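Report on one structure; see the data block that follows.
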Amino acid sequence: MTLQAPRAGFRTRFAPAPTGHLHLGHAVNAVWVWGLAQAFDGRVLLRLEDHDRGRCRAEYETSILDDLDWLGLVPDGATTATFRTGPHAQRQSDNTARYDARLAALDARGLVYTCRCSRAEIASSVYPGTCRHTAVPAESTPARRVIMDGTAAESFDDLRLGTQSQDPMTQCGDLLVRDRAGNWTYQFAVVVDDLEQGIDLIIRGEDLLDSTGRQFRLAQLLGRDTMPSVLHHPLVSHPDGRKLSKSAGDTGLRELRAAGRSPAEVLGRAAHLGGLADSPRPIPASALGDLFRGA
Ligand code: GLU
């Protein structure tokens with residue numbers, strides 16, 4: 001695999017949503033995140049993406065922290081004893097005042113409108129702008145969209161996939177930033193967090209590639225002048241082609257632990273599934289950087 005090397009000393013994040021337990025798909029992402037950080041002197045922040053208050057559960061958060069601890073993957077500057085609290089583990093639910101302030105700043109510039117369309121009313125995945133020119137009373141719903149007009153498509157260079165070009169207006173239209181239940185959306189929360197937490201390299205699966213153009217446009221509207229570098233890695237599936245999912249018991253980290261697998265065995269299997277190792281030989285957390293040295 002050929003990769004463009006990231007800038008040494010980068011700052012990235014591991015950002016699971018506590019809406020379920022960790023599975024091998026997360027472990028593959030973790031191998032990329034911590035492996036590249038080891039190889040290129042990068043720093044890893046842990047961000048619990050609990051923006052969807054209806055779906056997040058405290059027990060999942062505890063389970064995610066337990067599994068990371070067990071794997072030996074701790075955020076930069078933390079130890080296994082300290083990483084659950086304080087600056088090493090950021091929670092989106094603690095950031096709502098920042099999201100409010102950022103939305104208010106966009107609103108003051110006329111870039112925000114209230115949207116009362118339900119998901120069922122929007123037939124296409126591209127929002128047609130129905131509420132953009134209608135004076136929907138702000139009190140009628142917490143749902144807000146940000147105007148995504150731009151003069152050109154967003155171009156960026158993915159460290160693995162090369163040059164990409166995405167036009168948010170034809171991909172998604174004006175972006176929903178807060179939904180009808182009052183939840184901040186993933187797209188808005190992640191852009192504010194990446195900006196405010198100084199993230200300059202985003203390492204995530206290819207399923208999120210389509211989100212990058214809209215996130216960059218939103219970041220520009222929020223005043224970010226240098227976009228982060230991005231690397232989207234392959235998603236993994238079972239050897240028989242089935243997609244790994246949280247419901248598949250055989251890929252859950254808790255199940256693998258209960259079956260007696262060691263942390264190094266789980267990381268080695270993840271590296272192999274992710275196409276980073278020829279065989280599923282055990283790899284301890286401290287050696288993940290070897291997978292990327294010379295990349
Ligand atoms: N929270 C997202 C997930 O669990 C990751 C978001 C991101 O890396 O931008 O898939």
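By convention in this document, the chains of the structure tokens carry letters A, B, ... by their order, each chain's residues are numbered from 1, and ligands are numbered from 1 in the order they are shown.
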
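Inspection of the environment of ligand 1, which uses only C-alpha atoms and all ligand atoms and a cut-off of 9 Å, identifies the neighbouring residues as Arg13, Phe14, Ala15, Pro16, Ala17, Pro18, Thr19, His26, Arg47, Leu48, Glu49, Asp50, Tyr186, Gln187, Val190, Val191, Asp194, Ile202, Ile203, Arg204, Gly205, Asp207, Leu208, Ser211 and Thr212 of chain A.
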
Exercise for the section: Could you give me, as a ChimeraX atom specification, each residue of stretch 42-228 of chain A that DSSP assigns to strand (DSSP E) when run on this structure's backbone? Expected result: /A:43-48,89-91,112-114,144-146,154-158,162-166,175-178,201-205

Please tabulate, as JSON lines, the residues of stretch 45-137 of chain A that come within 7 Å of stretch 270-292 of chain A, each with its closest pair of atoms and the distance in Å to one decimal, counting only C-alpha atoms and ordering rows by chain, then residue number upward.
{"residue": "A:Leu71", "atom": "CA", "partner": "A:Ala285", "partner_atom": "CA", "distance": 6.8}
{"residue": "A:Gly72", "atom": "CA", "partner": "A:Ala285", "partner_atom": "CA", "distance": 5.8}
{"residue": "A:Leu73", "atom": "CA", "partner": "A:Ala285", "partner_atom": "CA", "distance": 6.5}

Practice task
Pick out the residues sitting within 6 Å of A:Thr12, and hand them over as a PyMOL selection string; count only C-alpha atoms, and ignore anything fewer than 2 positions along from it in its own chain.
Solution key: chain A and resi 44+199+201-202

Proximity check stretch 139-229 of chain A to stretch 93-117 of chain A, 10 Å, nearest pairs one decimal Å, only C-alpha atoms, as a tab-separated table:
residue	atom	partner	partner_atom	distance
A:Glu139	CA	A:Thr114	CA	8.8
A:Ser140	CA	A:Arg116	CA	7.8
A:Thr141	CA	A:Arg116	CA	6.6
A:Pro142	CA	A:Thr114	CA	7.4
A:Ala143	CA	A:Cys115	CA	5.5
A:Arg144	CA	A:Thr114	CA	4.6
A:Arg145	CA	A:Tyr113	CA	5.5
A:Val146	CA	A:Val112	CA	4.6
A:Ile147	CA	A:Leu111	CA	5.3
A:Met148	CA	A:Leu111	CA	8.3
A:Asp149	CA	A:Leu111	CA	9.6
A:Asp174	CA	A:Val112	CA	9.2
A:Leu175	CA	A:Val112	CA	9.5
A:Leu176	CA	A:Cys115	CA	8.4
A:Val177	CA	A:Leu103	CA	8.5
A:Arg178	CA	A:Leu103	CA	9.4
A:Asp179	CA	A:Cys115	CA	8.8
A:Arg180	CA	A:Arg116	CA	7.7
A:Asn183	CA	A:Thr96	CA	9.7
A:Trp184	CA	A:Tyr99	CA	7.9
A:Phe188	CA	A:Tyr99	CA	8.0
A:Ala189	CA	A:Tyr99	CA	7.0
A:Val191	CA	A:Tyr99	CA	9.9
A:Val192	CA	A:Tyr99	CA	7.0
A:Asp193	CA	A:Asn95	CA	8.4
A:Glu196	CA	A:Arg98	CA	9.0
A:Leu218	CA	A:Leu106	CA	9.9
A:Leu221	CA	A:Leu106	CA	7.5
A:Leu222	CA	A:Arg102	CA	7.2
A:Gly223	CA	A:Leu106	CA	10.0

Exercise for the section: Between A:Thr62, A:Ser229, A:Ser262, A:Thr134, single out the one closest to A:Asp157, counting only C-alpha atoms. Expected result: A:Ser229

Practice task
Within stretch 87-214 of chain A, find each residue whose DSSP state, derived from the backbone, is alpha helix (DSSP H), and express the selection as a ChimeraX atom specification.
Solution key: /A:96-108,168-171,186-196,211-214

File of the preceding selection, N, CA and C atoms, as a JSON list (two decimals), in the first residue's frame:
[["chain", "number", "residue", "atom", "x", "y", "z"],
["A", 96, "THR", "N", -21.55, 21.46, 24.51],
["A", 96, "THR", "CA", -22.74, 22.06, 23.89],
["A", 96, "THR", "C", -22.66, 23.59, 23.87],
["A", 97, "ALA", "N", -22.02, 24.19, 24.87],
["A", 97, "ALA", "CA", -21.94, 25.66, 24.88],
["A", 97, "ALA", "C", -21.11, 26.14, 23.69],
["A", 98, "ARG", "N", -20.07, 25.37, 23.34],
["A", 98, "ARG", "CA", -19.25, 25.74, 22.17],
["A", 98, "ARG", "C", -20.06, 25.61, 20.88],
["A", 99, "TYR", "N", -20.86, 24.55, 20.80],
["A", 99, "TYR", "CA", -21.67, 24.38, 19.58],
["A", 99, "TYR", "C", -22.67, 25.52, 19.45],
["A", 100, "ASP", "N", -23.28, 25.88, 20.59],
["A", 100, "ASP", "CA", -24.23, 27.01, 20.60],
["A", 100, "ASP", "C", -23.55, 28.28, 20.08],
["A", 101, "ALA", "N", -22.35, 28.54, 20.61],
["A", 101, "ALA", "CA", -21.65, 29.78, 20.25],
["A", 101, "ALA", "C", -21.28, 29.77, 18.76],
["A", 102, "ARG", "N", -20.84, 28.64, 18.27],
["A", 102, "ARG", "CA", -20.46, 28.56, 16.85],
["A", 102, "ARG", "C", -21.68, 28.74, 15.95],
["A", 103, "LEU", "N", -22.80, 28.14, 16.37],
["A", 103, "LEU", "CA", -24.01, 28.27, 15.56],
["A", 103, "LEU", "C", -24.48, 29.73, 15.57],
["A", 104, "ALA", "N", -24.40, 30.36, 16.74],
["A", 104, "ALA", "CA", -24.84, 31.76, 16.85],
["A", 104, "ALA", "C", -23.99, 32.66, 15.94],
["A", 105, "ALA", "N", -22.69, 32.36, 15.85],
["A", 105, "ALA", "CA", -21.81, 33.18, 15.00],
["A", 105, "ALA", "C", -22.19, 33.01, 13.52],
["A", 106, "LEU", "N", -22.53, 31.80, 13.12],
["A", 106, "LEU", "CA", -22.96, 31.58, 11.74],
["A", 106, "LEU", "C", -24.31, 32.27, 11.49],
["A", 107, "ASP", "N", -25.18, 32.19, 12.49],
["A", 107, "ASP", "CA", -26.51, 32.79, 12.38],
["A", 107, "ASP", "C", -26.40, 34.30, 12.20],
["A", 108, "ALA", "N", -25.48, 34.90, 12.94],
["A", 108, "ALA", "CA", -25.29, 36.37, 12.85],
["A", 108, "ALA", "C", -24.87, 36.78, 11.44],
["A", 168, "PRO", "N", -20.51, 19.82, -1.96],
["A", 168, "PRO", "CA", -21.53, 19.60, -0.93],
["A", 168, "PRO", "C", -22.94, 19.92, -1.41],
["A", 169, "MET", "N", -23.10, 20.95, -2.24],
["A", 169, "MET", "CA", -24.46, 21.31, -2.65],
["A", 169, "MET", "C", -25.12, 20.23, -3.50],
["A", 170, "THR", "N", -24.32, 19.50, -4.28],
["A", 170, "THR", "CA", -24.95, 18.42, -5.05],
["A", 170, "THR", "C", -24.95, 17.10, -4.28],
["A", 171, "GLN", "N", -24.12, 17.01, -3.23],
["A", 171, "GLN", "CA", -24.09, 15.77, -2.43],
["A", 171, "GLN", "C", -25.14, 15.75, -1.33],
["A", 186, "TYR", "N", -23.75, 14.80, 13.88],
["A", 186, "TYR", "CA", -22.36, 14.37, 13.76],
["A", 186, "TYR", "C", -21.55, 15.39, 12.97],
["A", 187, "GLN", "N", -22.08, 15.82, 11.80],
["A", 187, "GLN", "CA", -21.31, 16.70, 10.91],
["A", 187, "GLN", "C", -20.90, 18.00, 11.60],
["A", 188, "PHE", "N", -21.82, 18.58, 12.34],
["A", 188, "PHE", "CA", -21.51, 19.86, 12.97],
["A", 188, "PHE", "C", -20.56, 19.67, 14.15],
["A", 189, "ALA", "N", -20.89, 18.70, 15.01],
["A", 189, "ALA", "CA", -20.08, 18.51, 16.22],
["A", 189, "ALA", "C", -18.64, 18.15, 15.85],
["A", 190, "VAL", "N", -18.48, 17.31, 14.84],
["A", 190, "VAL", "CA", -17.12, 16.85, 14.51],
["A", 190, "VAL", "C", -16.29, 18.00, 13.94],
["A", 191, "VAL", "N", -16.92, 18.89, 13.18],
["A", 191, "VAL", "CA", -16.16, 20.00, 12.59],
["A", 191, "VAL", "C", -15.75, 21.00, 13.68],
["A", 192, "VAL", "N", -16.68, 21.31, 14.58],
["A", 192, "VAL", "CA", -16.33, 22.23, 15.67],
["A", 192, "VAL", "C", -15.22, 21.62, 16.53],
["A", 193, "ASP", "N", -15.37, 20.33, 16.87],
["A", 193, "ASP", "CA", -14.36, 19.69, 17.73],
["A", 193, "ASP", "C", -13.00, 19.64, 17.04],
["A", 194, "ASP", "N", -12.97, 19.22, 15.76],
["A", 194, "ASP", "CA", -11.68, 19.13, 15.08],
["A", 194, "ASP", "C", -10.99, 20.49, 15.03],
["A", 195, "LEU", "N", -11.80, 21.53, 14.88],
["A", 195, "LEU", "CA", -11.25, 22.89, 14.85],
["A", 195, "LEU", "C", -10.75, 23.31, 16.25],
["A", 196, "GLU", "N", -11.61, 23.16, 17.24],
["A", 196, "GLU", "CA", -11.27, 23.67, 18.57],
["A", 196, "GLU", "C", -10.21, 22.81, 19.26],
["A", 211, "SER", "N", -18.18, 12.58, 3.58],
["A", 211, "SER", "CA", -18.46, 13.66, 4.53],
["A", 211, "SER", "C", -17.39, 14.75, 4.50],
["A", 212, "THR", "N", -16.25, 14.45, 3.92],
["A", 212, "THR", "CA", -15.11, 15.35, 4.08],
["A", 212, "THR", "C", -15.32, 16.70, 3.41],
["A", 213, "GLY", "N", -15.84, 16.71, 2.18],
["A", 213, "GLY", "CA", -16.05, 17.98, 1.48],
["A", 213, "GLY", "C", -16.98, 18.90, 2.26],
["A", 214, "ARG", "N", -18.08, 18.34, 2.76],
["A", 214, "ARG", "CA", -19.04, 19.19, 3.49],
["A", 214, "ARG", "C", -18.42, 19.65, 4.82]]

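Relative to atom CA of A:Asp69, atom CA of A:Pro263 is found at 9.8 Å.
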
Contacts of A:Pro6 at 9 Å or less, counting only C-alpha atoms, minus same-chain residues fewer than 3 places along, as a tab-separated table (two decimals) with N, CA, C and O atoms, in the first residue's frame?
chain	number	residue	atom	x	y	z
A	3	LEU	N	1.26	5.18	0.76
A	3	LEU	CA	0.66	6.26	1.52
A	3	LEU	C	1.56	7.48	1.38
A	3	LEU	O	2.77	7.35	1.30
A	9	GLY	N	4.60	14.78	14.03
A	9	GLY	CA	4.07	15.57	15.14
A	9	GLY	C	2.60	15.94	14.98
A	9	GLY	O	2.11	16.83	15.68
A	10	PHE	N	1.89	15.24	14.09
A	10	PHE	CA	0.47	15.58	13.86
A	10	PHE	C	-0.35	15.31	15.12
A	10	PHE	O	0.08	14.63	16.04
A	36	LEU	N	0.05	4.98	13.13
A	36	LEU	CA	0.62	6.16	12.46
A	36	LEU	C	1.18	7.15	13.48
A	36	LEU	O	2.23	7.76	13.26
A	40	PHE	N	5.02	8.36	13.32
A	40	PHE	CA	5.29	9.74	12.89
A	40	PHE	C	5.21	10.74	14.05
A	40	PHE	O	4.92	11.91	13.84
A	159	LEU	N	-4.35	11.21	2.04
A	159	LEU	CA	-3.00	10.65	2.09
A	159	LEU	C	-2.93	9.24	1.50
A	159	LEU	O	-1.86	8.76	1.14
A	201	LEU	N	-4.87	16.02	11.56
A	201	LEU	CA	-4.93	14.82	10.71
A	201	LEU	C	-6.13	13.99	11.14
A	201	LEU	O	-6.27	13.63	12.32
A	229	SER	N	-5.24	17.48	7.35
A	229	SER	CA	-4.97	16.41	6.38
A	229	SER	C	-5.95	15.28	6.67
A	229	SER	O	-6.45	15.16	7.80
A	231	LEU	N	-6.89	10.97	5.98
A	231	LEU	CA	-6.55	9.64	5.48
A	231	LEU	C	-7.75	8.75	5.73
A	231	LEU	O	-8.17	8.57	6.88

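In this comparison, which uses only C-alpha atoms, the residue of A:Ala123, A:Cys172, A:Met227, A:Leu161 approaching A:Gln4 most closely is A:Leu161.
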
Exercise for the section: Tell me, as a ChimeraX atom specification, which residues lie within 7 Å of A:Ala153, counting only C-alpha atoms; anything in the same chain fewer than 6 positions away does not count. Expected result: /A:165-167

Kindly export the residues of the current selection with all heavy atoms, as a tab-separated table (two decimals), in the first residue's frame.
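Heads up, here's the output in part32.tsv:
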chain	number	residue	atom	x	y	z
A	165	SER	N	-12.48	15.43	-5.14
A	165	SER	CA	-13.25	16.65	-5.36
A	165	SER	C	-14.71	16.35	-5.01
A	165	SER	O	-15.27	15.37	-5.49
A	165	SER	CB	-13.10	17.05	-6.83
A	165	SER	OG	-13.87	18.18	-7.08
A	166	GLN	N	-15.28	17.16	-4.14
A	166	GLN	CA	-16.66	16.92	-3.69
A	166	GLN	C	-17.42	18.23	-3.65
A	166	GLN	O	-16.90	19.23	-3.15
A	166	GLN	CB	-16.66	16.29	-2.28
A	166	GLN	CG	-15.98	14.93	-2.21
A	166	GLN	CD	-15.95	14.35	-0.79
A	166	GLN	OE1	-16.40	14.98	0.17
A	166	GLN	NE2	-15.41	13.16	-0.66
A	167	ASP	N	-18.64	18.21	-4.16
A	167	ASP	CA	-19.46	19.41	-4.14
A	167	ASP	C	-20.62	19.23	-3.15
A	167	ASP	O	-21.59	18.54	-3.45
A	167	ASP	CB	-20.01	19.68	-5.54
A	167	ASP	CG	-20.91	20.91	-5.56
A	167	ASP	OD1	-21.03	21.58	-4.51
A	167	ASP	OD2	-21.52	21.18	-6.61

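Proximity ranking of A:Tyr60, A:Tyr127, A:Phe156, A:Trp70 relative to A:Thr226 places A:Phe156 first, based on only C-alpha atoms.
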
Handout entry: Pick from A:Met1, A:Ala138, A:Leu267, A:Leu253, whichever lies nearest to A:Ile64 using only C-alpha atoms
Key =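 Ranking A:Met1, A:Ala138, A:Leu267, A:Leu253 by distance to A:Ile64, first place goes to A:Leu253.
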
Exercise for the section: Would you list the contacts of A:Gly77 as a PyMOL selection string, taking every protein, DNA or RNA residue within 9 Å and counting only C-alpha atoms, but skipping same-chain residues closer than 2 positions in sequence? Expected result: chain A and resi 43-44+74-75+79+83+88

Take the selection from the previous step and output its residues with all heavy atoms, as a JSON list (two decimals), in the first residue's frame.
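The result, written out as part.json:
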[["chain", "number", "residue", "atom", "x", "y", "z"],
["A", 43, "ARG", "N", 0.19, 12.68, 17.96],
["A", 43, "ARG", "CA", -0.50, 12.66, 19.25],
["A", 43, "ARG", "C", -1.95, 12.23, 19.02],
["A", 43, "ARG", "O", -2.57, 12.65, 18.04],
["A", 43, "ARG", "CB", -0.45, 14.03, 19.90],
["A", 43, "ARG", "CG", 0.96, 14.34, 20.41],
["A", 43, "ARG", "CD", 1.04, 15.74, 20.97],
["A", 43, "ARG", "NE", 0.87, 16.73, 19.93],
["A", 43, "ARG", "CZ", 0.52, 17.99, 20.14],
["A", 43, "ARG", "NH1", 0.29, 18.42, 21.36],
["A", 43, "ARG", "NH2", 0.40, 18.84, 19.15],
["A", 44, "VAL", "N", -2.48, 11.44, 19.93],
["A", 44, "VAL", "CA", -3.86, 10.92, 19.79],
["A", 44, "VAL", "C", -4.73, 11.46, 20.92],
["A", 44, "VAL", "O", -4.40, 11.32, 22.09],
["A", 44, "VAL", "CB", -3.89, 9.38, 19.85],
["A", 44, "VAL", "CG1", -5.32, 8.87, 19.69],
["A", 44, "VAL", "CG2", -2.97, 8.76, 18.81],
["A", 74, "VAL", "N", -3.84, 4.13, 24.81],
["A", 74, "VAL", "CA", -4.24, 5.27, 25.62],
["A", 74, "VAL", "C", -3.92, 6.55, 24.86],
["A", 74, "VAL", "O", -2.99, 6.60, 24.06],
["A", 74, "VAL", "CB", -3.55, 5.29, 27.01],
["A", 74, "VAL", "CG1", -4.03, 4.16, 27.88],
["A", 74, "VAL", "CG2", -2.04, 5.26, 26.87],
["A", 75, "PRO", "N", -4.71, 7.60, 25.10],
["A", 75, "PRO", "CA", -4.45, 8.86, 24.41],
["A", 75, "PRO", "C", -3.10, 9.44, 24.82],
["A", 75, "PRO", "O", -2.57, 9.12, 25.88],
["A", 75, "PRO", "CB", -5.59, 9.77, 24.87],
["A", 75, "PRO", "CG", -6.55, 8.91, 25.59],
["A", 75, "PRO", "CD", -5.86, 7.67, 26.01],
["A", 79, "THR", "N", -2.07, 8.02, 31.05],
["A", 79, "THR", "CA", -1.67, 6.67, 31.43],
["A", 79, "THR", "C", -2.96, 5.87, 31.55],
["A", 79, "THR", "O", -4.05, 6.43, 31.56],
["A", 79, "THR", "CB", -0.98, 6.67, 32.80],
["A", 79, "THR", "OG1", -1.95, 7.12, 33.75],
["A", 79, "THR", "CG2", 0.22, 7.59, 32.82],
["A", 83, "PHE", "N", -6.59, 8.06, 31.89],
["A", 83, "PHE", "CA", -7.12, 8.53, 30.62],
["A", 83, "PHE", "C", -8.64, 8.63, 30.55],
["A", 83, "PHE", "O", -9.18, 9.18, 29.62],
["A", 83, "PHE", "CB", -6.57, 7.70, 29.46],
["A", 83, "PHE", "CG", -7.31, 6.45, 29.14],
["A", 83, "PHE", "CD1", -8.22, 6.43, 28.09],
["A", 83, "PHE", "CD2", -7.09, 5.29, 29.86],
["A", 83, "PHE", "CE1", -8.88, 5.27, 27.77],
["A", 83, "PHE", "CE2", -7.75, 4.14, 29.54],
["A", 83, "PHE", "CZ", -8.66, 4.12, 28.49],
["A", 88, "HIS", "N", -7.83, 14.17, 28.64],
["A", 88, "HIS", "CA", -7.47, 13.09, 27.73],
["A", 88, "HIS", "C", -8.67, 12.43, 27.07],
["A", 88, "HIS", "O", -8.53, 11.75, 26.07],
["A", 88, "HIS", "CB", -6.64, 12.04, 28.46],
["A", 88, "HIS", "CG", -5.42, 12.62, 29.08],
["A", 88, "HIS", "ND1", -4.48, 13.28, 28.34],
["A", 88, "HIS", "CD2", -5.01, 12.69, 30.37],
["A", 88, "HIS", "CE1", -3.51, 13.71, 29.14],
["A", 88, "HIS", "NE2", -3.83, 13.38, 30.36]]
